[in-house]
>>> print(open('query.cif').read())   # mmCIF, C-alpha atoms
data_upload
loop_
_atom_site.label_atom_id
_atom_site.label_comp_id
_atom_site.auth_asym_id
_atom_site.auth_seq_id
_atom_site.Cartn_x
_atom_site.Cartn_y
_atom_site.Cartn_z
CA MET A 1 17.86 -3.45 -28.76
CA LYS A 2 18.55 -4.03 -32.42
CA ARG A 3 21.92 -2.51 -33.24
CA ASN A 4 23.97 -3.38 -36.29
CA ASN A 5 21.38 -6.07 -37.06
CA ILE A 6 22.28 -7.91 -33.85
CA ILE A 7 19.27 -9.02 -31.82
CA PRO A 8 19.73 -10.55 -28.34
CA GLU A 9 19.02 -14.26 -28.38
CA GLU A 10 16.10 -13.94 -25.91
CA LEU A 11 14.34 -11.48 -28.23
CA LYS A 12 14.75 -13.18 -31.59
CA ASP A 13 11.29 -14.74 -31.44
CA TYR A 14 9.77 -11.26 -31.13
CA TYR A 15 11.25 -9.64 -34.21
CA PHE A 16 9.29 -9.07 -37.40
CA ASP A 17 9.88 -6.77 -40.31
CA LEU A 18 7.65 -3.70 -40.40
CA PRO A 19 8.12 -1.21 -43.26
CA GLU A 20 7.42 2.45 -42.47
CA GLU A 21 4.28 2.59 -44.59
CA PHE A 22 2.37 0.38 -42.12
CA ILE A 23 2.70 2.92 -39.28
CA ALA A 24 -0.49 4.96 -38.90
CA LYS A 25 0.49 8.63 -38.74
CA TYR A 26 -3.08 9.88 -38.21
CA PRO A 27 -6.24 8.48 -36.61
CA ILE A 28 -9.14 6.86 -38.41
CA ILE A 29 -12.22 9.11 -38.33
CA PRO A 30 -14.76 8.05 -37.08
CA ARG A 31 -12.80 6.21 -34.42
CA ASP A 32 -14.83 3.01 -34.59
CA HIS A 33 -14.16 2.58 -38.32
CA ALA A 34 -10.74 1.14 -37.55
CA LYS A 35 -10.25 -2.45 -38.66
CA LEU A 36 -10.66 -5.21 -36.10
CA MET A 37 -9.00 -8.61 -36.27
CA ILE A 38 -10.44 -11.38 -34.09
CA LEU A 39 -7.74 -13.88 -33.17
CA ASN A 40 -9.37 -17.02 -31.81
CA PRO A 41 -7.05 -19.84 -32.89
CA PRO A 42 -7.37 -21.58 -35.25
CA TYR A 43 -9.80 -18.93 -36.55
CA ILE A 44 -9.11 -15.36 -37.63
CA ILE A 45 -11.97 -13.00 -38.47
CA HIS A 46 -11.70 -9.54 -40.05
CA ASP A 47 -14.22 -6.81 -39.30
CA TYR A 48 -14.48 -3.24 -37.94
CA PHE A 49 -14.70 -1.92 -34.38
CA TYR A 50 -18.27 -0.71 -34.84
CA ASN A 51 -19.26 -4.39 -35.00
CA LEU A 52 -17.36 -5.37 -31.85
CA ASP A 53 -20.54 -6.36 -30.01
CA LEU A 54 -21.16 -9.10 -32.59
CA HIS A 55 -17.87 -10.81 -31.68
CA LEU A 56 -17.89 -10.64 -27.90
CA PRO A 57 -18.78 -13.88 -26.09
CA GLU A 58 -21.93 -14.00 -23.99
CA ASN A 59 -21.53 -12.87 -20.39
CA SER A 60 -18.64 -10.62 -21.25
CA ILE A 61 -17.35 -7.88 -18.97
CA LEU A 62 -15.19 -5.17 -20.53
CA ILE A 63 -12.65 -3.37 -18.36
CA PHE A 64 -11.26 -0.02 -19.54
CA ASN A 65 -8.47 2.27 -18.34
CA ASP A 66 -10.07 5.69 -17.81
CA THR A 67 -6.80 7.61 -17.58
CA LYS A 68 -6.57 11.00 -19.28
CA VAL A 69 -3.59 12.15 -21.33
CA SER A 70 -1.97 15.34 -20.04
CA PHE A 71 -0.84 17.72 -22.78
CA ARG A 72 2.69 17.75 -21.45
CA ARG A 73 4.57 18.64 -24.62
CA VAL A 74 5.31 22.36 -24.24
CA TYR A 75 7.48 24.68 -26.35
CA LEU A 76 9.52 27.07 -24.19
CA PHE A 77 11.55 30.04 -25.45
CA HIS A 78 15.26 30.42 -24.68
CA SER A 79 16.22 34.06 -25.23
CA SER A 80 19.99 33.46 -25.39
CA TYR A 81 19.55 31.08 -28.33
CA ASN A 82 16.50 32.92 -29.69
CA THR A 83 14.73 29.61 -30.20
CA LYS A 84 12.02 27.40 -28.75
CA PHE A 85 12.80 24.03 -27.22
CA GLU A 86 10.38 21.12 -27.08
CA ILE A 87 9.90 20.04 -23.47
CA LEU A 88 8.13 16.90 -22.32
CA PHE A 89 7.16 17.18 -18.64
CA LEU A 90 7.31 13.70 -17.13
CA ASP A 91 6.98 13.74 -13.34
CA LEU A 92 6.81 16.18 -10.47
CA SER A 93 10.11 15.46 -8.74
CA SER A 94 9.78 17.69 -5.66
CA ASN A 95 8.05 20.95 -4.74
CA ASN A 96 8.14 22.87 -8.04
CA ILE A 97 10.82 20.82 -9.85
CA TRP A 98 9.79 18.65 -12.80
CA LYS A 99 11.71 15.84 -14.46
CA CYS A 100 11.67 16.51 -18.20
CA LEU A 101 12.94 15.45 -21.58
CA ILE A 102 14.20 18.29 -23.80
CA ARG A 103 14.56 17.66 -27.50
CA LYS A 104 17.98 18.79 -28.74
CA GLY A 105 18.59 20.24 -25.30
CA ARG A 106 22.25 19.34 -24.85
CA LYS A 107 23.39 22.95 -25.16
CA ILE A 108 21.10 24.11 -22.35
CA LYS A 109 23.21 24.77 -19.25
CA LYS A 110 22.54 24.84 -15.53
CA ASN A 111 20.61 27.96 -14.43
CA ASP A 112 19.49 28.71 -18.01
CA ILE A 113 16.00 30.20 -18.22
CA LEU A 114 13.19 29.16 -20.56
CA GLU A 115 9.90 31.03 -20.81
CA ILE A 116 6.31 31.02 -21.96
CA SER A 117 3.89 33.84 -21.18
CA ASN A 118 4.48 34.82 -17.51
CA TYR A 119 5.99 31.44 -16.65
CA THR A 120 9.73 30.89 -16.30
CA PHE A 121 11.61 27.60 -15.98
CA LYS A 122 15.17 27.28 -14.69
CA LEU A 123 17.40 24.28 -15.32
CA GLU A 124 18.41 23.25 -11.82
CA PHE A 125 20.39 20.16 -12.80
CA ARG A 126 20.47 17.27 -15.24
CA ASP A 127 21.59 13.67 -15.36
CA GLN A 128 22.40 11.35 -18.23
CA ASN A 129 18.82 11.13 -19.43
CA PHE A 130 16.70 13.89 -17.90
CA PHE A 131 16.52 17.62 -17.21
CA TYR A 132 15.13 19.00 -13.95
CA LEU A 133 13.34 22.33 -14.30
CA SER A 134 12.05 24.54 -11.50
CA CYS A 135 8.80 26.31 -12.37
CA TRP A 136 7.90 29.93 -11.57
CA LEU A 137 4.95 32.23 -12.21
CA ASN A 138 5.64 35.94 -11.69
CA GLY A 139 8.56 35.03 -9.45
CA LYS A 140 6.64 32.54 -7.27
CA PRO A 141 6.90 28.72 -7.31
CA THR A 142 4.24 27.09 -9.46
CA LEU A 143 3.22 23.69 -10.85
CA THR A 144 3.72 22.38 -7.31
CA ASN A 145 0.95 19.81 -7.60
CA LEU A 146 -0.70 17.85 -10.40
CA GLU A 147 -3.95 19.83 -10.32
CA GLU A 148 -2.13 23.15 -10.73
CA ALA A 149 0.12 21.68 -13.43
CA GLU A 150 -2.83 20.30 -15.38
CA ILE A 151 -4.25 23.82 -15.82
CA PHE A 152 -0.91 24.93 -17.26
CA PHE A 153 -0.72 21.93 -19.62
CA GLN A 154 -4.28 22.51 -20.84
CA ASN A 155 -3.47 26.15 -21.61
CA TYR A 156 0.00 25.80 -23.11
CA GLY A 157 0.65 22.16 -23.93
CA LEU A 158 0.15 19.78 -26.82
CA PRO A 159 -0.56 16.03 -26.73
CA PRO A 160 2.65 13.98 -26.34
CA ILE A 161 2.03 11.81 -29.38
CA PRO A 162 4.49 8.93 -29.75
CA PRO A 163 7.94 9.70 -31.20
CA TYR A 164 7.57 7.04 -33.90
CA LEU A 165 4.87 9.14 -35.60
CA LYS A 166 7.72 11.46 -36.63
CA ARG A 167 5.55 14.58 -36.78
CA GLN A 168 4.52 17.54 -34.66
CA SER A 169 1.38 17.41 -32.54
CA GLU A 170 -1.60 18.96 -34.28
CA ASP A 171 -4.99 20.27 -33.18
CA LEU A 172 -6.75 17.02 -34.13
CA ASP A 173 -4.51 15.14 -31.69
CA LYS A 174 -6.12 17.02 -28.80
CA GLU A 175 -9.35 15.20 -29.60
CA TYR A 176 -8.21 11.90 -31.08
CA TYR A 177 -5.20 11.11 -28.86
CA GLN A 178 -7.66 10.97 -25.96
CA THR A 179 -10.40 8.46 -25.18
CA VAL A 180 -14.00 9.67 -25.14
CA PHE A 181 -14.30 8.56 -21.50
CA ALA A 182 -10.97 9.95 -20.22
CA LYS A 183 -11.31 10.95 -16.60
CA LYS A 184 -8.18 11.24 -14.44
CA ALA A 185 -5.34 13.27 -15.97
CA GLY A 186 -1.72 12.25 -15.56
CA SER A 187 -0.69 9.93 -18.40
CA VAL A 188 1.94 10.85 -20.97
CA ALA A 189 0.51 8.33 -23.45
CA ALA A 190 -2.98 7.22 -24.40
CA PRO A 191 -4.46 3.77 -23.70
CA THR A 192 -4.54 3.31 -27.45
CA ALA A 193 -6.86 0.29 -27.70
CA SER A 194 -9.57 2.49 -26.21
CA LEU A 195 -9.11 5.20 -28.84
CA HIS A 196 -11.35 3.10 -31.14
CA PHE A 197 -14.42 3.50 -28.95
CA THR A 198 -17.04 6.15 -29.69
CA ASN A 199 -19.85 7.15 -27.34
CA GLU A 200 -22.27 5.42 -29.71
CA LEU A 201 -20.31 2.16 -29.62
CA LEU A 202 -20.07 2.29 -25.83
CA GLU A 203 -23.82 2.78 -25.52
CA LYS A 204 -24.41 -0.20 -27.79
CA LEU A 205 -22.06 -2.32 -25.70
CA LYS A 206 -23.66 -1.26 -22.41
CA LYS A 207 -26.99 -2.67 -23.56
CA LYS A 208 -25.48 -6.15 -23.89
CA PHE A 209 -22.50 -6.28 -21.55
CA LYS A 210 -21.19 -4.92 -18.26
CA ILE A 211 -18.51 -2.21 -18.45
CA LEU A 212 -16.04 -1.48 -15.64
CA TYR A 213 -13.11 0.90 -15.22
CA ILE A 214 -9.69 0.90 -13.60
CA ASN A 215 -7.08 3.65 -13.76
CA LEU A 216 -3.42 3.24 -14.66
CA GLN A 217 -1.32 6.35 -15.23
CA ILE A 218 0.81 5.56 -18.29
CA GLY A 219 4.43 6.64 -18.05
CA TYR A 220 6.95 7.47 -20.76
CA GLY A 221 8.53 4.07 -20.19
CA THR A 222 5.85 2.57 -22.43
CA PHE A 223 7.84 3.98 -25.39
CA SER A 224 11.25 2.91 -24.09
CA PRO A 225 13.02 0.09 -25.92
CA LEU A 226 13.86 -3.04 -23.99
CA THR A 227 17.37 -3.16 -22.56
CA ASN A 228 19.40 -5.87 -20.91
CA LYS A 229 18.44 -4.36 -17.55
CA GLU A 230 14.75 -5.23 -18.01
CA LEU A 231 15.55 -8.67 -19.37
CA ILE A 232 17.92 -9.52 -16.51
CA ASN A 233 15.77 -8.06 -13.72
CA ASN A 234 12.51 -9.33 -15.24
CA GLU A 235 10.94 -5.96 -14.46
CA LEU A 236 9.65 -3.05 -16.54
CA HIS A 237 9.15 0.63 -15.71
CA GLU A 238 6.97 1.27 -12.68
CA GLU A 239 3.41 2.49 -13.12
CA VAL A 240 0.72 3.37 -10.58
CA TYR A 241 -2.80 1.99 -10.91
CA GLU A 242 -6.04 2.15 -8.97
CA ILE A 243 -8.94 -0.31 -8.87
CA PRO A 244 -12.25 1.09 -7.56
CA GLU A 245 -14.22 -0.93 -5.02
CA GLU A 246 -17.11 -1.38 -7.46
CA THR A 247 -14.79 -2.83 -10.10
CA ALA A 248 -13.00 -5.19 -7.70
CA GLN A 249 -16.25 -6.52 -6.28
CA ALA A 250 -17.77 -7.16 -9.70
CA LEU A 251 -14.65 -8.90 -10.99
CA ASN A 252 -14.50 -11.17 -7.96
CA VAL A 253 -18.16 -12.09 -8.30
CA TYR A 254 -18.04 -12.80 -12.03
CA LYS A 255 -14.46 -13.99 -12.55
CA ASN A 256 -15.28 -17.70 -12.74
CA SER A 257 -18.53 -17.41 -14.69
CA HIS A 258 -18.00 -14.55 -17.14
CA ASN A 259 -15.48 -13.64 -19.83
CA LEU A 260 -13.28 -10.81 -18.58
CA ILE A 261 -12.06 -8.66 -21.46
CA ALA A 262 -9.16 -6.28 -20.83
CA VAL A 263 -9.35 -3.30 -23.16
CA GLY A 264 -5.69 -2.43 -23.65
CA THR A 265 -2.36 -3.70 -22.39
CA THR A 266 -2.36 -1.14 -19.56
CA THR A 267 -5.63 -2.56 -18.24
CA LEU A 268 -4.27 -6.09 -18.49
CA ARG A 269 -1.02 -5.07 -16.75
CA ALA A 270 -2.95 -3.66 -13.79
CA LEU A 271 -5.40 -6.56 -13.51
CA GLU A 272 -2.75 -9.27 -13.84
CA ASP A 273 -0.46 -7.63 -11.30
CA ASN A 274 -3.33 -7.20 -8.86
CA PHE A 275 -4.65 -10.74 -9.27
CA LEU A 276 -1.25 -12.40 -8.89
CA LYS A 277 -0.36 -10.39 -5.79
CA HIS A 278 -3.64 -10.81 -3.93
CA HIS A 279 -5.11 -14.05 -5.37
CA HIS A 280 -8.26 -12.08 -6.13
CA PHE A 281 -9.04 -8.54 -7.29
CA LYS A 282 -8.38 -6.03 -4.53
CA SER A 283 -9.51 -2.41 -4.60
CA GLY A 284 -7.07 0.38 -3.82
CA LYS A 285 -4.02 2.13 -5.22
CA PHE A 286 -0.97 0.08 -6.16
CA SER A 287 2.19 0.18 -8.25
CA THR A 288 3.60 -2.44 -10.58
CA LYS A 289 6.78 -3.33 -12.43
CA ILE A 290 5.33 -6.53 -13.87
CA PHE A 291 6.90 -7.78 -17.11
CA ILE A 292 4.45 -10.13 -18.84
CA LYS A 293 6.09 -12.35 -21.44
CA PRO A 294 6.19 -15.96 -22.64
CA PRO A 295 6.05 -18.58 -21.26
CA GLN A 296 3.94 -16.95 -18.53
CA THR A 297 0.25 -17.75 -18.35
CA ILE A 298 -2.21 -14.88 -17.87
CA HIS A 299 -4.74 -15.69 -15.15
CA SER A 300 -6.75 -12.47 -14.82
CA CYS A 301 -8.52 -12.14 -18.19
CA ASP A 302 -10.04 -14.22 -20.96
CA TYR A 303 -9.68 -11.80 -23.88
CA LEU A 304 -7.54 -8.79 -24.71
CA ILE A 305 -8.42 -5.93 -27.04
CA THR A 306 -5.26 -4.19 -28.22
CA ASN A 307 -3.47 -2.51 -31.13
CA PHE A 308 -0.61 -3.84 -33.24
CA HIS A 309 2.71 -3.29 -31.46
CA LEU A 310 6.37 -2.66 -32.23
CA PRO A 311 8.71 -5.57 -32.90
CA LEU A 312 11.12 -6.38 -30.05
CA SER A 313 8.87 -4.50 -27.61
CA SER A 314 7.56 -5.52 -24.20
CA LEU A 315 4.02 -4.99 -25.51
CA PHE A 316 4.51 -7.48 -28.34
CA MET A 317 5.92 -9.95 -25.81
CA LEU A 318 2.82 -9.40 -23.66
CA VAL A 319 0.40 -10.23 -26.47
CA CYS A 320 2.49 -13.27 -27.35
CA ALA A 321 2.11 -14.51 -23.77
CA PHE A 322 -1.63 -14.00 -24.09
CA GLY A 323 -2.28 -15.53 -27.49
CA GLY A 324 0.81 -17.57 -28.31
CA THR A 325 3.95 -16.34 -30.08
CA GLU A 326 3.45 -18.24 -33.32
CA ASN A 327 -0.22 -17.24 -33.46
CA LEU A 328 0.63 -13.57 -33.04
CA LYS A 329 3.46 -13.61 -35.57
CA HIS A 330 1.15 -15.24 -38.10
CA ALA A 331 -1.59 -12.70 -37.33
CA TYR A 332 0.83 -9.79 -37.78
CA GLU A 333 1.98 -11.08 -41.16
CA LEU A 334 -1.66 -11.46 -42.19
CA ALA A 335 -2.32 -7.92 -40.95
CA LYS A 336 0.43 -6.59 -43.21
CA ALA A 337 -0.93 -8.57 -46.16
CA ARG A 338 -4.36 -6.99 -45.57
CA ASN A 339 -2.96 -3.47 -45.05
CA TYR A 340 -3.83 -3.10 -41.40
CA ARG A 341 -2.44 0.06 -39.79
CA PHE A 342 0.00 -0.36 -36.90
CA PHE A 343 0.73 1.32 -33.54
CA SER A 344 -1.11 4.01 -31.56
CA TYR A 345 -3.36 5.38 -34.31
CA GLY A 346 -3.59 2.04 -36.07
CA ASP A 347 -6.13 -0.76 -36.23
CA GLY A 348 -6.75 -3.29 -33.48
CA MET A 349 -7.38 -6.88 -32.60
CA MET A 350 -9.16 -8.99 -30.02
CA ILE A 351 -7.11 -11.94 -28.79
CA LYS A 352 -8.38 -15.00 -26.96
CA ASN A 353 -6.35 -16.23 -24.01
CA ILE A 354 -5.19 -19.56 -25.40
CA TYR A 355 -4.40 -20.81 -21.90
CA LYS A 356 -7.91 -20.19 -20.59
CA THR A 357 -8.55 -23.84 -19.72
CA ASN A 358 -5.46 -23.84 -17.49
CA LYS A 359 -6.35 -20.66 -15.67
CA ILE A 360 -6.48 -20.61 -11.90
CA LYS A 361 -9.86 -19.80 -10.40
CA ILE A 362 -10.29 -17.51 -7.44
CA ASP A 363 -11.68 -20.21 -5.15
CA SER A 364 -8.66 -22.47 -5.76
CA LEU A 365 -6.09 -19.83 -4.83
CA LYS A 366 -4.64 -19.60 -1.36
CA SER A 367 -3.82 -16.29 0.29
#
>>> encode(input="query.cif", output="structure tokens")
Amino acid sequence: MKRNNIIPEELKDYYFDLPEEFIAKYPIIPRDHAKLMILNPPYIIHDYFYNLDLHLPENSILIFNDTKVSFRRVYLFHSSYNTKFEILFLDLSSNNIWKCLIRKGRKIKKNDILEISNYTFKLEFRDQNFFYLSCWLNGKPTLTNLEEAEIFFQNYGLPPIPPYLKRQSEDLDKEYYQTVFAKKAGSVAAPTASLHFTNELLEKLKKKFKILYINLQIGYGTFSPLTNKELINNELHEEVYEIPEETAQALNVYKNSHNLIAVGTTTLRALEDNFLKHHHFKSGKFSTKIFIKPPQTIHSCDYLITNFHLPLSSLFMLVCAFGGTENLKHAYELAKARNYRFFSYGDGMMIKNIYKTNKIKIDSLKS
């Protein structure tokens, strides 16, 4: 959105300067040794994730996104050019045809063949943004469903780490660009706030608090810059999420008496969409295009655990809606002054919903 130093008027409040050196290129090891900022206006506390339990309010319920990152970045060989191309498999379009991004793939033509091992991929067609590859194994259609494709990605793929890291995927990313509780494969990005949690930290939290899970499959749109289309339509990229019956029941029982803590913006996006549509938490599988931004009030959760996000991004607008734009901008400047690390592999923060006292309760909502 920022071209030639021109920022659209509606985004000016969400710009801040972020020099390259603040972007975390690699994860903190151990995971829970990342810094943690507690934003509870007018107070700000600095600590580490391994002490998270000391900062959670009593009667807290933490909700995580248990999605699993698919290793969908695959390098395929093109014999005519005698080179490998970096392919990012996005979605199964139909039968054995996948919608893909191909880095530096402009010279690849219709019907060109790319290969790896006994697999072949033919470019069936392309549009302005994407390439559509048919997939074959020993001359037979393959990768025709997500389960079959996941085996291929596990064997031949690498984690699709964010483009702003400006480096190749490495072996350590297979472990650290994945949560320790990842369950259902299908995301092309990690729920990064959850990357800070170790098994030891989770066990410590379970002794004091209730932990629940939802699933939202994160699409590549999470990395896409905002355009006028999203701003005009007031919608973002579509994502599919699922809320288990156990989770929905617990949230409905405890919503008005406990502090609900969304771990990650993807979790918050699913919960807020679900709560606004149904006036309570409803189990099942749904899709959302919700665009959470000021001056909206978040009704579903009391706290949000998240990382530090890009300027001019929908994620930064989301956290501003949750904690207040001026509060977040001040916190981000303080984070830079204290050398916090930003983005997917960076440090994190816990934000209090500053509009909590105005939140709508379940029993006051009408269907």
>>> resolve_selection(input="query.cif", expression="the PyMOL selection byres ((chain A and resi 270-286) around 9)", output="ChimeraX atom specification")
/A:214-216,239-249,251-252,262,265-269,287-290,292,298-301,361-363,365-367
>>> resolve_selection(input="query.cif", expression="the PyMOL selection byres ((chain A and resi 26) around 12)", output="PyMOL selection string")
chain A and resi 22-25+27-31+34+161-162+164-173+175-177+341-347
>>> resolve_selection(input="query.cif", expression="the PyMOL selection byres ((chain A and resi 309) around 12)", output="JSON, numbers by chain")
{"A": [14, 15, 16, 17, 18, 22, 23, 24, 164, 192, 193, 222, 223, 264, 265, 306, 307, 308, 310, 311, 312, 313, 314, 315, 316, 317, 318, 319, 320, 328, 329, 331, 332, 335, 340, 341, 342, 343, 344, 345, 346, 347, 348, 349]}
>>> closest_residue(input="query.cif", among="A:Ile38, A:Ala149, A:Leu62, A:Asp47", to="His258 of chain A", atoms="all atoms listed in the file")
A:Leu62
>>> closest_residue(input="query.cif", among="A:Thr144, A:Asn40, A:Ser117, A:Ser70", to="Gly157 of chain A", atoms="all atoms listed in the file")
A:Ser70
>>> closest_residue(input="query.cif", among="A:Gln128, A:Asn228, A:Asn51, A:Thr67", to="Leu195 of chain A", atoms="all atoms listed in the file")
A:Thr67
>>> residues_near_point(input="query.cif", point="(-11.3, 8.5, -26.8)", cutoff="7 Å", atoms="all atoms listed in the file", output="ChimeraX atom specification")
/A:176-182,194-198
>>> axis_aligned_box(input="query.cif", around="segment 69-81 of chain A", padding_each_side="8 Å", output="AutoDock Vina command-line options")
--center_x 8.2 --center_y 23.1 --center_z -24.2 --size_x 39.6 --size_y 37.9 --size_z 24.3
>>> residues_near_point(input="query.cif", point="(-6.1, -7.0, -40.6)", cutoff="7 Å", atoms="all atoms listed in the file", output="PyMOL selection string")
chain A and resi 35-37+46+334-335+338-340
>>> decode(input="query.cif", residues="segment 265-291 of chain A", atoms="N, CA and C atoms", output="PDB file, in the first residue's frame")
ATOM      1  N   THR A 265      -3.882 -14.117  16.460  1.00  0.00           N
ATOM      2  CA  THR A 265      -4.903 -13.384  15.702  1.00  0.00           C
ATOM      3  C   THR A 265      -5.808 -14.324  14.932  1.00  0.00           C
ATOM      4  N   THR A 266      -5.311 -15.502  14.518  1.00  0.00           N
ATOM      5  CA  THR A 266      -6.172 -16.443  13.804  1.00  0.00           C
ATOM      6  C   THR A 266      -7.249 -16.985  14.728  1.00  0.00           C
ATOM      7  N   THR A 267      -6.883 -17.263  15.971  1.00  0.00           N
ATOM      8  CA  THR A 267      -7.874 -17.715  16.952  1.00  0.00           C
ATOM      9  C   THR A 267      -8.917 -16.631  17.189  1.00  0.00           C
ATOM     10  N   LEU A 268      -8.449 -15.400  17.359  1.00  0.00           N
ATOM     11  CA  LEU A 268      -9.387 -14.299  17.589  1.00  0.00           C
ATOM     12  C   LEU A 268     -10.300 -14.104  16.385  1.00  0.00           C
ATOM     13  N   ARG A 269      -9.754 -14.214  15.177  1.00  0.00           N
ATOM     14  CA  ARG A 269     -10.567 -14.025  13.964  1.00  0.00           C
ATOM     15  C   ARG A 269     -11.703 -15.050  13.922  1.00  0.00           C
ATOM     16  N   ALA A 270     -11.388 -16.296  14.236  1.00  0.00           N
ATOM     17  CA  ALA A 270     -12.417 -17.337  14.222  1.00  0.00           C
ATOM     18  C   ALA A 270     -13.458 -17.103  15.308  1.00  0.00           C
ATOM     19  N   LEU A 271     -13.015 -16.820  16.528  1.00  0.00           N
ATOM     20  CA  LEU A 271     -13.943 -16.652  17.646  1.00  0.00           C
ATOM     21  C   LEU A 271     -14.842 -15.434  17.461  1.00  0.00           C
ATOM     22  N   GLU A 272     -14.261 -14.330  16.994  1.00  0.00           N
ATOM     23  CA  GLU A 272     -15.051 -13.113  16.824  1.00  0.00           C
ATOM     24  C   GLU A 272     -16.077 -13.292  15.710  1.00  0.00           C
ATOM     25  N   ASP A 273     -15.663 -13.894  14.610  1.00  0.00           N
ATOM     26  CA  ASP A 273     -16.588 -14.145  13.510  1.00  0.00           C
ATOM     27  C   ASP A 273     -17.740 -15.023  13.982  1.00  0.00           C
ATOM     28  N   ASN A 274     -17.414 -16.082  14.695  1.00  0.00           N
ATOM     29  CA  ASN A 274     -18.418 -17.026  15.162  1.00  0.00           C
ATOM     30  C   ASN A 274     -19.385 -16.372  16.140  1.00  0.00           C
ATOM     31  N   PHE A 275     -18.859 -15.610  17.079  1.00  0.00           N
ATOM     32  CA  PHE A 275     -19.689 -14.982  18.105  1.00  0.00           C
ATOM     33  C   PHE A 275     -20.617 -13.925  17.515  1.00  0.00           C
ATOM     34  N   LEU A 276     -20.114 -13.142  16.576  1.00  0.00           N
ATOM     35  CA  LEU A 276     -20.945 -12.102  15.971  1.00  0.00           C
ATOM     36  C   LEU A 276     -22.047 -12.689  15.103  1.00  0.00           C
ATOM     37  N   LYS A 277     -21.758 -13.787  14.425  1.00  0.00           N
ATOM     38  CA  LYS A 277     -22.753 -14.387  13.534  1.00  0.00           C
ATOM     39  C   LYS A 277     -23.852 -15.116  14.287  1.00  0.00           C
ATOM     40  N   HIS A 278     -23.499 -15.746  15.412  1.00  0.00           N
ATOM     41  CA  HIS A 278     -24.453 -16.630  16.080  1.00  0.00           C
ATOM     42  C   HIS A 278     -24.924 -16.117  17.446  1.00  0.00           C
ATOM     43  N   HIS A 279     -24.319 -15.023  17.930  1.00  0.00           N
ATOM     44  CA  HIS A 279     -24.668 -14.449  19.231  1.00  0.00           C
ATOM     45  C   HIS A 279     -24.312 -15.384  20.390  1.00  0.00           C
ATOM     46  N   HIS A 280     -23.545 -16.379  20.095  1.00  0.00           N
ATOM     47  CA  HIS A 280     -22.937 -17.267  21.084  1.00  0.00           C
ATOM     48  C   HIS A 280     -21.870 -18.049  20.313  1.00  0.00           C
ATOM     49  N   PHE A 281     -21.194 -18.976  20.967  1.00  0.00           N
ATOM     50  CA  PHE A 281     -20.199 -19.789  20.271  1.00  0.00           C
ATOM     51  C   PHE A 281     -20.867 -21.066  19.779  1.00  0.00           C
ATOM     52  N   LYS A 282     -20.798 -21.287  18.491  1.00  0.00           N
ATOM     53  CA  LYS A 282     -21.464 -22.425  17.862  1.00  0.00           C
ATOM     54  C   LYS A 282     -20.427 -23.375  17.281  1.00  0.00           C
ATOM     55  N   SER A 283     -20.562 -24.659  17.591  1.00  0.00           N
ATOM     56  CA  SER A 283     -19.634 -25.644  17.053  1.00  0.00           C
ATOM     57  C   SER A 283     -19.935 -25.910  15.583  1.00  0.00           C
ATOM     58  N   GLY A 284     -18.921 -26.390  14.871  1.00  0.00           N
ATOM     59  CA  GLY A 284     -19.092 -26.704  13.455  1.00  0.00           C
ATOM     60  C   GLY A 284     -17.982 -26.112  12.621  1.00  0.00           C
ATOM     61  N   LYS A 285     -18.148 -26.242  11.305  1.00  0.00           N
ATOM     62  CA  LYS A 285     -17.154 -25.744  10.342  1.00  0.00           C
ATOM     63  C   LYS A 285     -17.732 -24.539   9.615  1.00  0.00           C
ATOM     64  N   PHE A 286     -16.950 -23.474   9.548  1.00  0.00           N
ATOM     65  CA  PHE A 286     -17.424 -22.216   8.995  1.00  0.00           C
ATOM     66  C   PHE A 286     -16.316 -21.573   8.150  1.00  0.00           C
ATOM     67  N   SER A 287     -16.669 -20.506   7.460  1.00  0.00           N
ATOM     68  CA  SER A 287     -15.664 -19.699   6.763  1.00  0.00           C
ATOM     69  C   SER A 287     -15.885 -18.241   7.127  1.00  0.00           C
ATOM     70  N   THR A 288     -14.814 -17.466   7.024  1.00  0.00           N
ATOM     71  CA  THR A 288     -14.923 -16.053   7.388  1.00  0.00           C
ATOM     72  C   THR A 288     -14.091 -15.171   6.468  1.00  0.00           C
ATOM     73  N   LYS A 289     -14.599 -13.968   6.246  1.00  0.00           N
ATOM     74  CA  LYS A 289     -13.846 -12.916   5.563  1.00  0.00           C
ATOM     75  C   LYS A 289     -13.751 -11.683   6.472  1.00  0.00           C
ATOM     76  N   ILE A 290     -13.955 -11.872   7.751  1.00  0.00           N
ATOM     77  CA  ILE A 290     -14.041 -10.749   8.681  1.00  0.00           C
ATOM     78  C   ILE A 290     -12.765  -9.906   8.663  1.00  0.00           C
ATOM     79  N   PHE A 291     -12.947  -8.613   8.697  1.00  0.00           N
ATOM     80  CA  PHE A 291     -11.855  -7.631   8.709  1.00  0.00           C
ATOM     81  C   PHE A 291     -12.033  -6.830   9.998  1.00  0.00           C
TER      82      PHE A 291
END
